[in-house]
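So the structure is just underneath, and the comments pick up after that.
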Amino acid sequence: MLTKTKQDPQLSHILNARHHDPFAYLGLHQVQNQYVLRVFQPFAEKIWLQTTSGWEPLKLSHDAGLFEWKGSTPPHVPCRIKLEKQGHQWETHDPYSFWTALSPDELYLFGEGRLKQAYRTFGAHLCEQQGVNGVRFVVWAPSAERVSVIGNFNHWDGRIHQMRVHGSSGVWELFIPELTTSDLYKFEIRNRHSGQVLTKTDPYGFSFEARPGTAAKITDNGHHTWQDAKWLQQRAQADWLHAPFNCYEVHLGSWRRNNAGGFLSYRELAHELVPYAQEMGYTHIELLPVSEHPLNESWGYQTTGYFAATNRFGSPDDLRYFIDHCHQAGISVILDWVPGHFPKDDWALARFDGSALFEHEDPRLGEHQDWGTYIFNYGRNEVRNFLLASAHYWLSEFHIDGLRVDAVASMLYLDYSRKPGEWLPNRHGGRENLEAIDFLKQLNIMVHEDFPGALTIAEESTSWPMISRPVYLGGLGFSMKWNMGWMNDTLAYIAHDPIHRRYYHDKLTFGQLYAYSENFVLPFSHDEVVHGKRSLLDKMPGDAWQKFANLRLLMTYQMTMSGKKLNFMGNELAQGREWNVNSSLDWPLLDLHWHQGVQHLNRDLSHLYRQLPALHELDFDPQGFEWIDCNDSDQSILTYLRRGRDGSIVLVLLNFTPVLRSGYRIGVPYAGHYQEIFNSDAGYYGGSNQGNGNGLQTEPQAWMDHQQSLLVTLPPLGGIIIQPT
């Protein structure tokens with residue numbers, strides 16, 4: 001046995017997989033007047049080098065698998081080699097005879113946190129280098145002593161493909177020739193301080209093997225031919241502030257299952273979900289996270305693949321097909337995106353290089369105790385770059401129309417869900433997470449500058465000011481914000497028995513005091529129909545008739561109140577049970593008249609909302625709303641007016657008791673004839689058919705600050721919309 005390890009520390013580092021720059025030893029080197037090629041292949045029995053004179057053998061210089069060739073004339077670079085094991089031969093190129101393909105600009109911008117398309121640099125990329133096809137691997141691991149690419153192409157052996165580090169950047173790189181899209185890989189990392197060896201999947205991986213496997217999968221950049229150039233052009237010019245926004249929030253894995261109970265594919269969903277959303281009148285589909293995640297029950301919010309479309313439903317190109325199909329149908333796609341926290345799975349981002357790399361070392365800054373997850377370290381340029389690149393990737397590569405940013409409140413406050421002593425103040429002694437605030441501003445600036453017309457929507461549950469105001473005005477820069485206060489007040493009110501609602505009337509009126517402080521979305525989201533909160537239908541009080549009537553009234557209120565709209569799938573079916581992530585919605589309910597009626601009501605309200613400028617153009621402007629009467633708490637009645645930019649109006653009357661109100665007088669702004677254009681109590685929807693079908697004529701009797709008034713019939717637990725003819 002040859003023993004060079006004592007005399008040659010570099011060889012010792014190679015054999016023990018501890019070399020931070022294997023190119024300094026392996027590959028082709030000129031030693032005085034001679035050329036030396038060193039190849040480490042512990043699973044090869046023989047190796048030959050292709051030279052101008054043919055195949056020349058390499059000598060086994062260490063029985064652990066180090067082979068050497070020496071010659072006076074340099075071979076062609078990159079070096080072509082042939083290997084043999086048990087009589088089987090194959091040809092490849094020596095990975096250590098390729099030059100680096102990383103530019104100083106890339107490393108500089110990444111270190112500054114400004115490499116917006118970092119996904120084009122990091123991860124695994126099929127490419128041609130020096131005329132040879134293969135895969136370039138790049139990963140960030142600054143606390144590593146050594147990083148290796150391991151995979152099914154090298155027996156998952158960390159000694160064979162050790163990477164080189166680029167100075168103090170912590171960025172490691174290696175080009176491996178002749179790999180294909182059938183290959184799986186991970187990174188094996190040895191921490192320089194502890195010596196701990198970790199096996200990690202690629203933070204920038206574009207695809208992963210099927211669960212429960214956790215290896216990243218080499219994939220190409222996709223071959224989908226987009227058909228939405230006109231859509232993107234129109235989006236960039238669209239006036240979204242004054243446009244209808246009626247969003248259908250969907251979990252793809254449980255919207256509908258196939259006959260065997262399995263998932264529908266992205267392509268199947270394109271031909272089932274998209275026509276359904278189009279028929280129902282939705283303008284947007286919001287997808288619960290489709291980024292890769294290991295556990296169905298996390299709904300996608302514990303993300304492990306920030307650049308990977310989950311393979312539950314197909315390939316990345318299949319998702320592109322789905323989104324393109326949405327655009328052909330005139331439907332925008334919003335993606336739920338989770339930059340607030342990440343799971344502790346030991347094969348993913350958590351303590352990636354043996355140190356707190358993406359997270360904070362101190363748990364008072366770095367852990368969400370409620371969710372059992374880590375918090376990103378937004379003060380670190382490279383971490384901020386990782387998240388910005390993820391957002392850029394989805395918007396650029398998948399043409400999505402916006403990001404709904406999850407759990408923004410948890411990012412803004414250092415003491416979020418923490419007791420005294422469990423958090424650390426910022427440098428000014430306050431509770432605001434200054435680094436996270438800067439990151440959110442940077443995110444919104446990037447999205448609005450680079451992707452005109454794309455939206456960012458904050459799920460934010462506190463009174464933090466100016467969430468949806470531009471950064472240049474001192475805001476965070478989001479396009480819109482979920483109105484959690486409106487949602488909680490409304491659901492609390494509607495849950496009361498109608499006989500008691502008179503005491504809680506302010507729950508419905510208070511929201512107008514702050515309704516225009518932000519660009520609000522009125523959500524009934526997935527969080528409200530799980531974990532014992534019950535479905536929307538089951539929240540309603542009373543017998544079966546009252547439950548359905550209350551639900552129809554609630555939906556009428558949402559669709560006619562100031563603010564954009566969002567409903568979780570199943571709400572429109574009046575689903576009786578809570579949402580179950582592991583099964584389909586209860587589509588057979590549509591065989592029942594009352595459930596079908598709620599679906600029809602949702603469809604008709606959606607189309608009416610889109611057709612009438614008064615119901616959507618001034619959602620964010622107090623000029624678009626006017627109370628007719630907000631004080632009739634004794635009868636639990638609300639009446640208000642919605643106005644469009646062209647001066648058109650509609651009047652909305654809501655009766656939150658099961659009492660029929662005949663001859664109810666309301667003031668109106670114009671004399672003349674009024675027509676009822678919508679009634680939630682219509683028999684078609686499952687109601688009692690009480691209303692104003694013959695039209696209404698004003699009387700010159702002053703009422704409610706108006707010179708004209710109408711006598712109206714208000715159906716029990718019903719809402720009506722009327723307009724002047």
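Within each chain, counting starts at residue 1; across the structure tokens, chains are named A, B, ... in the order shown, with ligands numbered 1 upward in that order.
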#### Entry: Close residues, A:His526 itself excluded, 12 Å, only C-alpha atoms, min 3 positions apart in chain, as a count of residues only
27
### Task
List every residue of stretch 96-218 of chain A that DSSP, applied to the backbone of this structure, places in helix (DSSP H, G or I), and write the result as a PyMOL selection string.
chain A and resi 96-97+104-112+118-120+167-169
### Query
Excluding same-chain residues fewer than 4 positions from A:Ala216, what lies within 6 Å of it counting only C-alpha atoms, as a list in words?
Leu184, Tyr185, Thr201, Gly205, Ser207 and Phe208 of chain A
Those selected residues, please, written with all heavy atoms and delivered as a PDB file, in the first residue's frame.
```pdb
ATOM      1  N   LEU A 184     -30.318  12.405  -9.475  1.00  0.00           N
ATOM      2  CA  LEU A 184     -30.670  13.007  -8.195  1.00  0.00           C
ATOM      3  C   LEU A 184     -29.392  13.445  -7.493  1.00  0.00           C
ATOM      4  O   LEU A 184     -28.329  12.832  -7.670  1.00  0.00           O
ATOM      5  CB  LEU A 184     -31.417  12.002  -7.317  1.00  0.00           C
ATOM      6  CG  LEU A 184     -32.725  11.425  -7.874  1.00  0.00           C
ATOM      7  CD1 LEU A 184     -33.256  10.347  -6.933  1.00  0.00           C
ATOM      8  CD2 LEU A 184     -33.754  12.523  -8.069  1.00  0.00           C
ATOM      9  N   TYR A 185     -29.506  14.482  -6.647  1.00  0.00           N
ATOM     10  CA  TYR A 185     -28.302  14.954  -5.974  1.00  0.00           C
ATOM     11  C   TYR A 185     -28.650  15.623  -4.648  1.00  0.00           C
ATOM     12  O   TYR A 185     -29.789  16.041  -4.411  1.00  0.00           O
ATOM     13  CB  TYR A 185     -27.537  15.944  -6.864  1.00  0.00           C
ATOM     14  CG  TYR A 185     -28.222  17.293  -7.009  1.00  0.00           C
ATOM     15  CD1 TYR A 185     -27.831  18.387  -6.219  1.00  0.00           C
ATOM     16  CD2 TYR A 185     -29.258  17.484  -7.913  1.00  0.00           C
ATOM     17  CE1 TYR A 185     -28.453  19.622  -6.340  1.00  0.00           C
ATOM     18  CE2 TYR A 185     -29.882  18.717  -8.039  1.00  0.00           C
ATOM     19  CZ  TYR A 185     -29.483  19.782  -7.257  1.00  0.00           C
ATOM     20  OH  TYR A 185     -30.101  20.989  -7.368  1.00  0.00           O
ATOM     21  N   THR A 201     -30.361  18.951   1.026  1.00  0.00           N
ATOM     22  CA  THR A 201     -30.887  19.157  -0.309  1.00  0.00           C
ATOM     23  C   THR A 201     -30.587  20.577  -0.751  1.00  0.00           C
ATOM     24  O   THR A 201     -30.197  21.428   0.049  1.00  0.00           O
ATOM     25  CB  THR A 201     -32.399  18.867  -0.344  1.00  0.00           C
ATOM     26  OG1 THR A 201     -32.792  18.619  -1.689  1.00  0.00           O
ATOM     27  CG2 THR A 201     -33.204  20.002   0.258  1.00  0.00           C
ATOM     28  N   GLY A 205     -32.929  24.238  -5.410  1.00  0.00           N
ATOM     29  CA  GLY A 205     -33.370  23.139  -6.261  1.00  0.00           C
ATOM     30  C   GLY A 205     -34.657  23.469  -6.999  1.00  0.00           C
ATOM     31  O   GLY A 205     -35.602  24.004  -6.419  1.00  0.00           O
ATOM     32  N   SER A 207     -36.429  21.071  -8.664  1.00  0.00           N
ATOM     33  CA  SER A 207     -37.310  19.911  -8.650  1.00  0.00           C
ATOM     34  C   SER A 207     -36.762  18.916  -7.639  1.00  0.00           C
ATOM     35  O   SER A 207     -35.546  18.902  -7.357  1.00  0.00           O
ATOM     36  CB  SER A 207     -37.380  19.278 -10.050  1.00  0.00           C
ATOM     37  OG  SER A 207     -38.264  18.186 -10.069  1.00  0.00           O
ATOM     38  N   PHE A 208     -37.647  18.091  -7.101  1.00  0.00           N
ATOM     39  CA  PHE A 208     -37.245  17.119  -6.083  1.00  0.00           C
ATOM     40  C   PHE A 208     -37.877  15.768  -6.378  1.00  0.00           C
ATOM     41  O   PHE A 208     -38.907  15.679  -7.061  1.00  0.00           O
ATOM     42  CB  PHE A 208     -37.649  17.597  -4.680  1.00  0.00           C
ATOM     43  CG  PHE A 208     -36.915  18.823  -4.232  1.00  0.00           C
ATOM     44  CD1 PHE A 208     -37.381  20.086  -4.549  1.00  0.00           C
ATOM     45  CD2 PHE A 208     -35.731  18.714  -3.512  1.00  0.00           C
ATOM     46  CE1 PHE A 208     -36.698  21.227  -4.157  1.00  0.00           C
ATOM     47  CE2 PHE A 208     -35.036  19.843  -3.115  1.00  0.00           C
ATOM     48  CZ  PHE A 208     -35.515  21.101  -3.437  1.00  0.00           C
TER      49      PHE A 208
END
```
### Task
Write out as a ChimeraX atom specification all residues of stretch 451-589 of chain A that backbone DSSP assigns to strand (DSSP E).
/A:455-458,480-482,520-524,564-568
Output of the above residues as a short mmCIF file (atom, residue, chain, number, x, y, z; two decimals), in the first residue's frame, restricted to all heavy atoms:
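Result written to again-v4.cif:
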```
data_model
loop_
_atom_site.label_atom_id
_atom_site.label_comp_id
_atom_site.auth_asym_id
_atom_site.auth_seq_id
_atom_site.Cartn_x
_atom_site.Cartn_y
_atom_site.Cartn_z
N LEU A 455 -49.21 42.05 -8.49
CA LEU A 455 -49.70 42.50 -7.19
C LEU A 455 -48.93 41.83 -6.06
O LEU A 455 -48.45 40.70 -6.19
CB LEU A 455 -51.18 42.17 -7.04
CG LEU A 455 -52.12 42.71 -8.11
CD1 LEU A 455 -53.53 42.18 -7.90
CD2 LEU A 455 -52.12 44.23 -8.12
N THR A 456 -48.81 42.54 -4.95
CA THR A 456 -48.35 41.93 -3.70
C THR A 456 -49.42 42.19 -2.65
O THR A 456 -49.90 43.32 -2.51
CB THR A 456 -47.00 42.50 -3.24
OG1 THR A 456 -47.10 43.92 -3.12
CG2 THR A 456 -45.89 42.14 -4.21
N ILE A 457 -49.79 41.15 -1.94
CA ILE A 457 -50.90 41.23 -0.99
C ILE A 457 -50.41 40.73 0.36
O ILE A 457 -49.84 39.63 0.45
CB ILE A 457 -52.09 40.39 -1.47
CG1 ILE A 457 -52.52 40.84 -2.87
CG2 ILE A 457 -53.26 40.49 -0.49
CD1 ILE A 457 -53.52 39.92 -3.53
N ALA A 458 -50.60 41.52 1.38
CA ALA A 458 -50.11 41.19 2.71
C ALA A 458 -51.21 40.55 3.55
O ALA A 458 -52.30 41.11 3.67
CB ALA A 458 -49.59 42.44 3.42
N MET A 480 -52.08 45.48 -1.74
CA MET A 480 -53.29 45.33 -0.94
C MET A 480 -52.96 44.62 0.37
O MET A 480 -51.88 44.05 0.54
CB MET A 480 -54.36 44.55 -1.71
CG MET A 480 -54.95 45.29 -2.89
SD MET A 480 -56.25 44.34 -3.74
CE MET A 480 -55.29 43.50 -5.00
N LYS A 481 -53.94 44.66 1.27
CA LYS A 481 -53.80 44.01 2.57
C LYS A 481 -55.12 43.34 2.92
O LYS A 481 -56.19 43.90 2.71
CB LYS A 481 -53.45 45.05 3.64
CG LYS A 481 -53.55 44.54 5.07
CD LYS A 481 -53.28 45.64 6.09
CE LYS A 481 -53.60 45.15 7.51
NZ LYS A 481 -53.24 46.11 8.54
N TRP A 482 -55.03 42.12 3.45
CA TRP A 482 -56.23 41.45 3.94
C TRP A 482 -56.79 42.23 5.13
O TRP A 482 -56.05 42.61 6.05
CB TRP A 482 -55.90 40.03 4.40
CG TRP A 482 -55.84 39.03 3.28
CD1 TRP A 482 -55.74 39.30 1.94
CD2 TRP A 482 -55.88 37.61 3.42
NE1 TRP A 482 -55.70 38.12 1.24
CE2 TRP A 482 -55.80 37.08 2.11
CE3 TRP A 482 -55.97 36.74 4.50
CZ2 TRP A 482 -55.81 35.70 1.87
CZ3 TRP A 482 -55.99 35.38 4.26
CH2 TRP A 482 -55.91 34.86 2.96
N PHE A 520 -57.86 47.43 0.98
CA PHE A 520 -58.24 46.21 1.70
C PHE A 520 -58.87 45.16 0.80
O PHE A 520 -59.65 45.46 -0.11
CB PHE A 520 -59.23 46.54 2.82
CG PHE A 520 -58.60 47.04 4.08
CD1 PHE A 520 -58.97 48.26 4.62
CD2 PHE A 520 -57.64 46.30 4.75
CE1 PHE A 520 -58.41 48.73 5.80
CE2 PHE A 520 -57.06 46.75 5.92
CZ PHE A 520 -57.45 47.97 6.45
N VAL A 521 -58.56 43.91 1.11
CA VAL A 521 -59.26 42.73 0.61
C VAL A 521 -60.11 42.19 1.75
O VAL A 521 -59.64 42.08 2.88
CB VAL A 521 -58.27 41.64 0.14
CG1 VAL A 521 -59.01 40.39 -0.32
CG2 VAL A 521 -57.37 42.17 -0.97
N LEU A 522 -61.37 41.84 1.45
CA LEU A 522 -62.27 41.27 2.45
C LEU A 522 -62.22 39.75 2.31
O LEU A 522 -62.79 39.19 1.37
CB LEU A 522 -63.70 41.78 2.24
CG LEU A 522 -63.88 43.30 2.12
CD1 LEU A 522 -65.35 43.64 1.96
CD2 LEU A 522 -63.28 44.02 3.32
N PRO A 523 -61.55 39.06 3.24
CA PRO A 523 -61.33 37.62 3.04
C PRO A 523 -62.21 36.74 3.94
O PRO A 523 -62.44 37.04 5.11
CB PRO A 523 -59.86 37.46 3.45
CG PRO A 523 -59.68 38.47 4.57
CD PRO A 523 -60.68 39.59 4.31
N PHE A 524 -62.68 35.65 3.37
CA PHE A 524 -63.16 34.50 4.13
C PHE A 524 -62.25 33.34 3.70
O PHE A 524 -62.54 32.64 2.74
CB PHE A 524 -64.63 34.19 3.86
CG PHE A 524 -65.58 35.23 4.39
CD1 PHE A 524 -66.63 35.69 3.62
CD2 PHE A 524 -65.42 35.76 5.67
CE1 PHE A 524 -67.52 36.65 4.11
CE2 PHE A 524 -66.30 36.73 6.16
CZ PHE A 524 -67.35 37.16 5.38
N LYS A 564 -61.88 44.65 -2.02
CA LYS A 564 -61.80 43.53 -2.93
C LYS A 564 -62.22 42.26 -2.19
O LYS A 564 -62.34 42.25 -0.96
CB LYS A 564 -60.39 43.40 -3.51
CG LYS A 564 -59.88 44.67 -4.20
CD LYS A 564 -60.83 45.23 -5.24
CE LYS A 564 -60.28 46.47 -5.94
NZ LYS A 564 -61.26 47.07 -6.86
N LYS A 565 -62.42 41.14 -2.94
CA LYS A 565 -63.06 39.97 -2.34
C LYS A 565 -62.18 38.73 -2.44
O LYS A 565 -61.46 38.54 -3.43
CB LYS A 565 -64.39 39.66 -3.04
CG LYS A 565 -65.18 40.87 -3.53
CD LYS A 565 -65.59 41.82 -2.43
CE LYS A 565 -66.31 43.04 -3.01
NZ LYS A 565 -66.59 44.07 -2.00
N LEU A 566 -62.27 37.88 -1.42
CA LEU A 566 -61.61 36.58 -1.47
C LEU A 566 -62.44 35.57 -0.70
O LEU A 566 -62.89 35.83 0.42
CB LEU A 566 -60.19 36.65 -0.87
CG LEU A 566 -59.45 35.31 -0.82
CD1 LEU A 566 -57.98 35.48 -1.23
CD2 LEU A 566 -59.50 34.66 0.56
N ASN A 567 -62.64 34.39 -1.31
CA ASN A 567 -63.32 33.28 -0.66
C ASN A 567 -62.56 31.99 -0.88
O ASN A 567 -62.05 31.74 -1.98
CB ASN A 567 -64.74 33.12 -1.18
CG ASN A 567 -65.75 33.87 -0.33
OD1 ASN A 567 -66.10 33.41 0.75
ND2 ASN A 567 -66.19 35.03 -0.82
N PHE A 568 -62.50 31.19 0.17
CA PHE A 568 -61.84 29.90 0.07
C PHE A 568 -62.79 28.91 -0.60
O PHE A 568 -64.01 28.97 -0.43
CB PHE A 568 -61.46 29.40 1.46
CG PHE A 568 -60.68 28.10 1.45
CD1 PHE A 568 -59.51 27.98 0.72
CD2 PHE A 568 -61.12 27.00 2.18
CE1 PHE A 568 -58.79 26.81 0.71
CE2 PHE A 568 -60.40 25.82 2.19
CZ PHE A 568 -59.24 25.72 1.45
#
```
### Task
Please identify all polymer residues within 8 Å of A:Arg610, counting only C-alpha atoms, omitting same-chain residues fewer than 5 positions from it, and present them as a PyMOL selection string.
chain A and resi 244+281+615-616
Applying 12 Å and only C-alpha atoms, which residues near A:Ala260 remain after dropping the ones on its own chain fewer than 3 positions away? List them as a short mmCIF file (atom, residue, chain, number, x, y, z; two decimals) with N, CA, C and O atoms, in the first residue's frame.
```cif
data_model
loop_
_atom_site.label_atom_id
_atom_site.label_comp_id
_atom_site.auth_asym_id
_atom_site.auth_seq_id
_atom_site.Cartn_x
_atom_site.Cartn_y
_atom_site.Cartn_z
N ARG A 256 -60.50 19.04 -5.83
CA ARG A 256 -61.20 17.87 -6.37
C ARG A 256 -60.18 16.76 -6.55
O ARG A 256 -59.04 17.01 -6.91
N ARG A 257 -60.57 15.53 -6.26
CA ARG A 257 -59.70 14.37 -6.47
C ARG A 257 -60.22 13.56 -7.66
O ARG A 257 -61.37 13.71 -8.08
N PHE A 263 -54.56 12.79 -6.51
CA PHE A 263 -54.49 14.19 -6.93
C PHE A 263 -54.81 14.31 -8.42
O PHE A 263 -54.43 13.46 -9.23
N LEU A 264 -55.47 15.40 -8.78
CA LEU A 264 -55.52 15.82 -10.17
C LEU A 264 -54.19 16.46 -10.52
O LEU A 264 -53.55 17.11 -9.69
N SER A 583 -58.89 15.27 1.45
CA SER A 583 -60.00 14.78 0.64
C SER A 583 -60.57 15.91 -0.19
O SER A 583 -60.30 17.09 0.06
N SER A 584 -61.38 15.53 -1.16
CA SER A 584 -61.99 16.50 -2.05
C SER A 584 -63.07 17.30 -1.34
O SER A 584 -63.59 16.90 -0.29
#
```
Excluding A:Asp370 and any residue of its chain fewer than 2 positions from it, enumerate the residues within 8 Å of it, using only C-alpha atoms, and give them as a tab-separated table (two decimals) with C-alpha atoms, in the first residue's frame.
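Now in out_3.tsv:
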```
chain	number	residue	atom	x	y	z
A	368	HIS	CA	-41.36	30.65	15.96
A	372	GLY	CA	-42.03	25.01	15.43
A	417	SER	CA	-46.49	35.73	19.98
```
Mind dumping a table of every stretch 521-631 of chain A residue within 8 Å of stretch 637-641 of chain A, with the nearest atom pair and its distance in Å to one decimal, using only C-alpha atoms, sorted by chain and rising number, as JSON lines?
```
{"residue": "A:Phe625", "atom": "CA", "partner": "A:Leu641", "partner_atom": "CA", "distance": 5.8}
{"residue": "A:Glu626", "atom": "CA", "partner": "A:Leu641", "partner_atom": "CA", "distance": 5.1}
{"residue": "A:Trp627", "atom": "CA", "partner": "A:Tyr640", "partner_atom": "CA", "distance": 4.3}
{"residue": "A:Ile628", "atom": "CA", "partner": "A:Tyr640", "partner_atom": "CA", "distance": 4.7}
{"residue": "A:Asp629", "atom": "CA", "partner": "A:Thr639", "partner_atom": "CA", "distance": 5.2}
{"residue": "A:Cys630", "atom": "CA", "partner": "A:Leu638", "partner_atom": "CA", "distance": 5.4}
{"residue": "A:Asn631", "atom": "CA", "partner": "A:Leu638", "partner_atom": "CA", "distance": 7.7}
```
